[in-house]
Amino acid sequence: MDSNNRTINRREFLQTTTLLTISAMAQTLQAAKAKRPNILFITTDQQFADALSCTMGRGYIRTPNIDSLAASGMLFTKAYCANPLCVPNRTSIYTGRYPHEHGKQINSTKAIDAKEFPNIGMVLRKAGYVTGYFGKWHLPYPFKKATAQNSGYDQRSDALDYKIAAPTIKFIRNNKNKPFFVVFSLMNPHNICQYARSQPLPDGDIGKVPPANNCPPAPANLEKARNQSDALEAVWQARLRAKDKKKNIRKFAPLDKWDADDWRKYRWAYYRMVELADKEVGKILAALKKLRLESNTVIIFTSDHGDGIGAHRWAQKNMFYDETARIPFIISQKGTTKIGTSDFLVNNGLDIMPTICDYAGAKVPEKCQGMSLRNIAEGSRPRKKRKYVACSTRFVQDLRADGKPINLEGRMIRTENYKYYIFDQGKQPEMLIDMKNDPGEMENLVGNPSYKKILEEHREIFAEYKKETGDSFLS
């Protein structure tokens with residue numbers, strides 16, 4: 001064989017080898033994509049962390065479907081929101097960014113820059129997932145006139161809670177052979193706001209409230225914290241004045257005229273609304289089982305924030321109390337996640353984006369400062385230690401006695417054993433709570449000489465948080 005033939009054969013061999021290598025790589029990549037799990041993201045609205053029968057027992061509430069997720073997955077017991085209000089925290093959840101970054105500290109759905117703040121749907125569509133969103137939207141992206149590109153979702157439906165299971169199941173069935181990301185977004189137990197104002201409950205009837213002696217007990221922390229910050233006291237007093245002039249009914253809470261029995265009835269009604277949400281969750285879980293998708297579907301369950309449920313005579317949200325700022329958080333994939341609980345500090349406004357991207361094999365958007373919780377959910381140690389999580393709030397609906405708005409803003413730092421609040425108004429704008437010995441948050445320890453060192457440490461952590469995140473609050 002002459003040298004020219006040998007050269008041609010060698011060239012053909014190298015070309016064939018290269019093509020085979022590329023083909024093998026493509027097949028490997030395709031196989032990797034095929035193995036990527038489906039992701040089901042379930043959210044409720046205004047559900048505080050312990051409003052589940054798997055955490056508080058079955059005496060006053062029964063949530064068998066959400067309990068089943070905890071029974072097959074990891075329940076995070078120290079999960080907090082980034083802001084205890086709907087739009088701010090929902091925007092954080094879907095962008096993985098702090099409220100001070102995306103600019104939503106109140107319930108405004110004015111559009112934000114999708115290039116700077118892509119949402120989870122956008123990120124996963126780019127990664128090859130088919131995406132669907134069913135239920136409450138309340139996000140600063142187009143919906144009614146939306147496209148898949150500018151909303152992030154190939155299919156969308158916004159309806160009352162009892163109407164969204166059917167289209168969600170249809171979406172799952174139609175896409176069972178593809179990797180899908182689907183959001184099942186429930187409104188309840190948010191209807192407790194309507195209950196407190198004696199209004200109709202749009203997302204499902206709960207029946208007649210029984211006598212107080214047949215309702216759950218009033219909270220042990222019904223009264224205000226000792227030495228409460230005067231900044232919080234100003235909000236309290238404003239809410240006592242807040243009434244609907246036409247109907248002469250109170251708009252907000254705390255409801256000072258309510259006695260313990262009123263709060264018992266409130267809590268009974270609230271638990272029924274959680275149970276309504278749980279019933280809808282059960283429909284989706286049953287569909288996954290029927291379609292044999294359980295083992296290949298990662299389920300993440302959380303809520304956008306909690307509710308006061310009478311703690312410190314507070315209802316609704318905004319506050320940094322655990323009842324309003326701590327939320328349920330479960331990651332479950334049958335046969336894959338470790339079954340148990342974790343007390344790792346979680347910020348659901350920051351950590352959901354990187355966690356979902358981790359499962360999907362998608363690139364986490366730049367500037368996201370959260371961390372994936374997948375390894376913890378699967379039984380490994382955290383990839384890094386976390387000293388604190390941070391939360392923000394802003395009160396703009398409240399008026400002073402002279403009719404001028406309070407416009408109070410604050411930040412909360414939660415460390416392993418303490419909570420530190422600071423506000424931008426008041427002579428005494430700080431609060432320090434020993435969460436290990438005072439989980440009901442009944443005493444502000446600012447001014448207590450025994451906690452002077454702890455207070456200073458948390459002031460330093462707050463300064464560290466501001467530097468790390470670029471938060472200009474109180475600068």
# chains A, B, ... in the order shown; residues from 1 in each chain; ligands from 1
$ residues_around --residues "segment 124-129 of chain A" --least-positions-apart "5" --cutoff "9 Å" --atoms "only C-alpha atoms" --output "list in words"
Lys33, Asn38, Asn119, Ala148, Gln149, Gly152, Tyr153, Asp154, Lys178, Pro179, Phe180, Phe181, Ile356, Cys357, Ala360, Gly361, Ala362 and Lys363 of chain A
$ residues_around --residues "segment 213-227 of chain A" --least-positions-apart "2" --cutoff "10 Å" --atoms "only C-alpha atoms" --output "number ranges by chain"
A: 59-61, 209-211, 229-230, 233, 236, 259-269, 271, 309-314, 428, 431, 433, 439-447
$ select_by_dssp --residues "segment 63-178 of chain A" --states "strand (DSSP E or B)" --output "ChimeraX atom specification"
/A:73-76,79-80,130-135,155-157
$ residues_around --residues "Ile192 of chain A" --least-positions-apart "2" --cutoff "12 Å" --atoms "only C-alpha atoms" --output "MDAnalysis selection string"
chainID A and resid 45:47 187:190 194:206 252:253 263 265:274 306:310 315:317
$ write_last_selection --atoms "N, CA and C atoms" --output "compact mmCIF listing (two decimals), in the first residue's frame"
# COMPACT_ATOMS: atom_id res chain seq x y z
N ASP A 45 -50.46 29.84 50.00
CA ASP A 45 -50.30 31.28 50.27
C ASP A 45 -50.73 31.56 51.71
N GLN A 46 -49.79 32.05 52.49
CA GLN A 46 -50.08 32.48 53.87
C GLN A 46 -50.17 31.31 54.85
N GLN A 47 -49.39 30.28 54.64
CA GLN A 47 -49.38 29.12 55.54
C GLN A 47 -48.16 29.16 56.45
N MET A 187 -54.11 29.44 46.48
CA MET A 187 -54.38 30.66 47.21
C MET A 187 -54.51 30.41 48.72
N ASN A 188 -55.26 29.37 49.09
CA ASN A 188 -55.48 29.12 50.52
C ASN A 188 -54.19 28.74 51.24
N PRO A 189 -54.12 29.09 52.56
CA PRO A 189 -55.17 29.63 53.43
C PRO A 189 -55.28 31.15 53.46
N HIS A 190 -54.92 31.80 52.37
CA HIS A 190 -55.01 33.26 52.28
C HIS A 190 -56.43 33.78 52.52
N GLN A 194 -60.21 37.27 54.20
CA GLN A 194 -61.64 37.51 54.00
C GLN A 194 -62.44 37.12 55.25
N TYR A 195 -62.05 36.04 55.87
CA TYR A 195 -62.74 35.61 57.10
C TYR A 195 -62.68 36.71 58.17
N ALA A 196 -61.50 37.29 58.36
CA ALA A 196 -61.33 38.32 59.38
C ALA A 196 -62.16 39.56 59.09
N ARG A 197 -62.49 39.77 57.79
CA ARG A 197 -63.30 40.93 57.41
C ARG A 197 -64.76 40.55 57.17
N SER A 198 -65.12 39.32 57.55
CA SER A 198 -66.50 38.82 57.39
C SER A 198 -66.95 38.87 55.93
N GLN A 199 -66.04 38.51 55.03
CA GLN A 199 -66.33 38.50 53.59
C GLN A 199 -66.46 37.05 53.10
N PRO A 200 -67.06 36.83 51.93
CA PRO A 200 -67.16 35.48 51.36
C PRO A 200 -65.78 34.88 51.11
N LEU A 201 -65.69 33.56 51.16
CA LEU A 201 -64.43 32.85 50.96
C LEU A 201 -64.40 32.30 49.54
N PRO A 202 -63.64 32.90 48.63
CA PRO A 202 -63.70 32.53 47.21
C PRO A 202 -63.14 31.15 46.87
N ASP A 203 -62.22 30.64 47.66
CA ASP A 203 -61.55 29.40 47.26
C ASP A 203 -62.05 28.15 47.98
N GLY A 204 -63.28 28.23 48.49
CA GLY A 204 -63.86 27.04 49.09
C GLY A 204 -64.52 27.31 50.43
N ASP A 205 -65.68 26.72 50.63
CA ASP A 205 -66.42 26.91 51.88
C ASP A 205 -65.83 26.05 52.98
N ILE A 206 -65.81 26.56 54.20
CA ILE A 206 -65.25 25.82 55.33
C ILE A 206 -66.33 25.38 56.32
N PHE A 252 -57.42 45.64 59.02
CA PHE A 252 -56.21 44.87 59.28
C PHE A 252 -56.26 44.25 60.68
N ALA A 253 -55.12 43.85 61.17
CA ALA A 253 -54.96 43.33 62.51
C ALA A 253 -53.69 43.96 63.07
N TRP A 263 -60.09 34.49 68.76
CA TRP A 263 -58.88 33.96 68.15
C TRP A 263 -58.96 32.45 67.99
N LYS A 265 -61.66 30.80 67.25
CA LYS A 265 -62.48 30.59 66.05
C LYS A 265 -61.68 30.92 64.79
N TYR A 266 -60.88 31.96 64.88
CA TYR A 266 -60.02 32.34 63.75
C TYR A 266 -59.09 31.18 63.39
N ARG A 267 -58.47 30.57 64.40
CA ARG A 267 -57.55 29.48 64.16
C ARG A 267 -58.27 28.24 63.59
N TRP A 268 -59.48 28.00 64.07
CA TRP A 268 -60.26 26.89 63.52
C TRP A 268 -60.49 27.11 62.02
N ALA A 269 -60.92 28.32 61.68
CA ALA A 269 -61.19 28.64 60.27
C ALA A 269 -59.91 28.53 59.44
N TYR A 270 -58.81 28.99 59.98
CA TYR A 270 -57.53 28.95 59.27
C TYR A 270 -57.12 27.51 58.96
N TYR A 271 -57.26 26.64 59.93
CA TYR A 271 -56.88 25.24 59.72
C TYR A 271 -57.76 24.57 58.67
N ARG A 272 -59.03 24.97 58.62
CA ARG A 272 -59.91 24.40 57.59
C ARG A 272 -59.44 24.82 56.20
N MET A 273 -58.95 26.04 56.08
CA MET A 273 -58.47 26.52 54.78
C MET A 273 -57.19 25.80 54.36
N VAL A 274 -56.34 25.49 55.33
CA VAL A 274 -55.15 24.69 55.03
C VAL A 274 -55.57 23.31 54.54
N GLY A 306 -46.21 33.28 56.08
CA GLY A 306 -47.16 32.73 57.03
C GLY A 306 -48.30 33.67 57.35
N ASP A 307 -48.89 33.47 58.52
CA ASP A 307 -49.99 34.30 59.01
C ASP A 307 -49.82 34.44 60.52
N GLY A 308 -50.25 35.59 61.05
CA GLY A 308 -50.10 35.82 62.48
C GLY A 308 -50.85 34.84 63.36
N ILE A 309 -52.00 34.33 62.87
CA ILE A 309 -52.88 33.39 63.58
C ILE A 309 -53.09 33.72 65.05
N GLY A 310 -53.03 35.01 65.39
CA GLY A 310 -53.30 35.44 66.75
C GLY A 310 -52.09 35.60 67.63
N ALA A 315 -52.73 39.19 62.95
CA ALA A 315 -53.21 38.35 61.85
C ALA A 315 -52.58 38.89 60.56
N GLN A 316 -52.80 38.17 59.50
CA GLN A 316 -52.22 38.51 58.20
C GLN A 316 -50.69 38.42 58.25
N LYS A 317 -49.96 39.36 57.63
CA LYS A 317 -48.54 39.14 57.41
C LYS A 317 -47.70 40.36 57.77
$ closest_residue --among "A:Gly370, A:Pro142, A:Gly426, A:Pro84" --to "Arg383 of chain A" --atoms "only C-alpha atoms"
A:Gly370
$ atom_distance --atom1 "atom CA of His305 of chain A" --atom2 "atom CA of Pro365 of chain A"
23.7 Å
$ closest_residue --among "A:Ile330, A:Arg173, A:Arg400, A:Ser295" --to "Cys54 of chain A" --atoms "only C-alpha atoms"
A:Ile330
$ residues_around --residues "segment 409-416 of chain A" --least-positions-apart "3" --cutoff "8 Å" --atoms "only C-alpha atoms" --output "list of chain:residue names"
A:Phe320, A:Leu345, A:Lys387, A:Tyr388, A:Val389, A:Ala390, A:Cys391, A:Ser392, A:Thr393, A:Arg394, A:Phe395, A:Lys419, A:Tyr420, A:Tyr421, A:Ile422, A:Phe423, A:Asp424, A:Gln425, A:His458, A:Ile461, A:Phe462
$ residues_around --residues "Asn296 of chain A" --least-positions-apart "2" --cutoff "7 Å" --atoms "only C-alpha atoms" --output "PyMOL selection string"
chain A and resi 37-38+293-294+298
$ atom_distance --atom1 "atom CA of Val396 of chain A" --atom2 "atom CA of Phe117 of chain A"
24.6 Å
$ closest_residue --among "A:Tyr418, A:Trp258, A:Phe473, A:Tyr162" --to "Lys78 of chain A" --atoms "only C-alpha atoms"
A:Tyr418
$ closest_residue --among "A:Met74, A:Val364, A:Tyr465, A:Ser157" --to "Gly379 of chain A" --atoms "only C-alpha atoms"
A:Met74
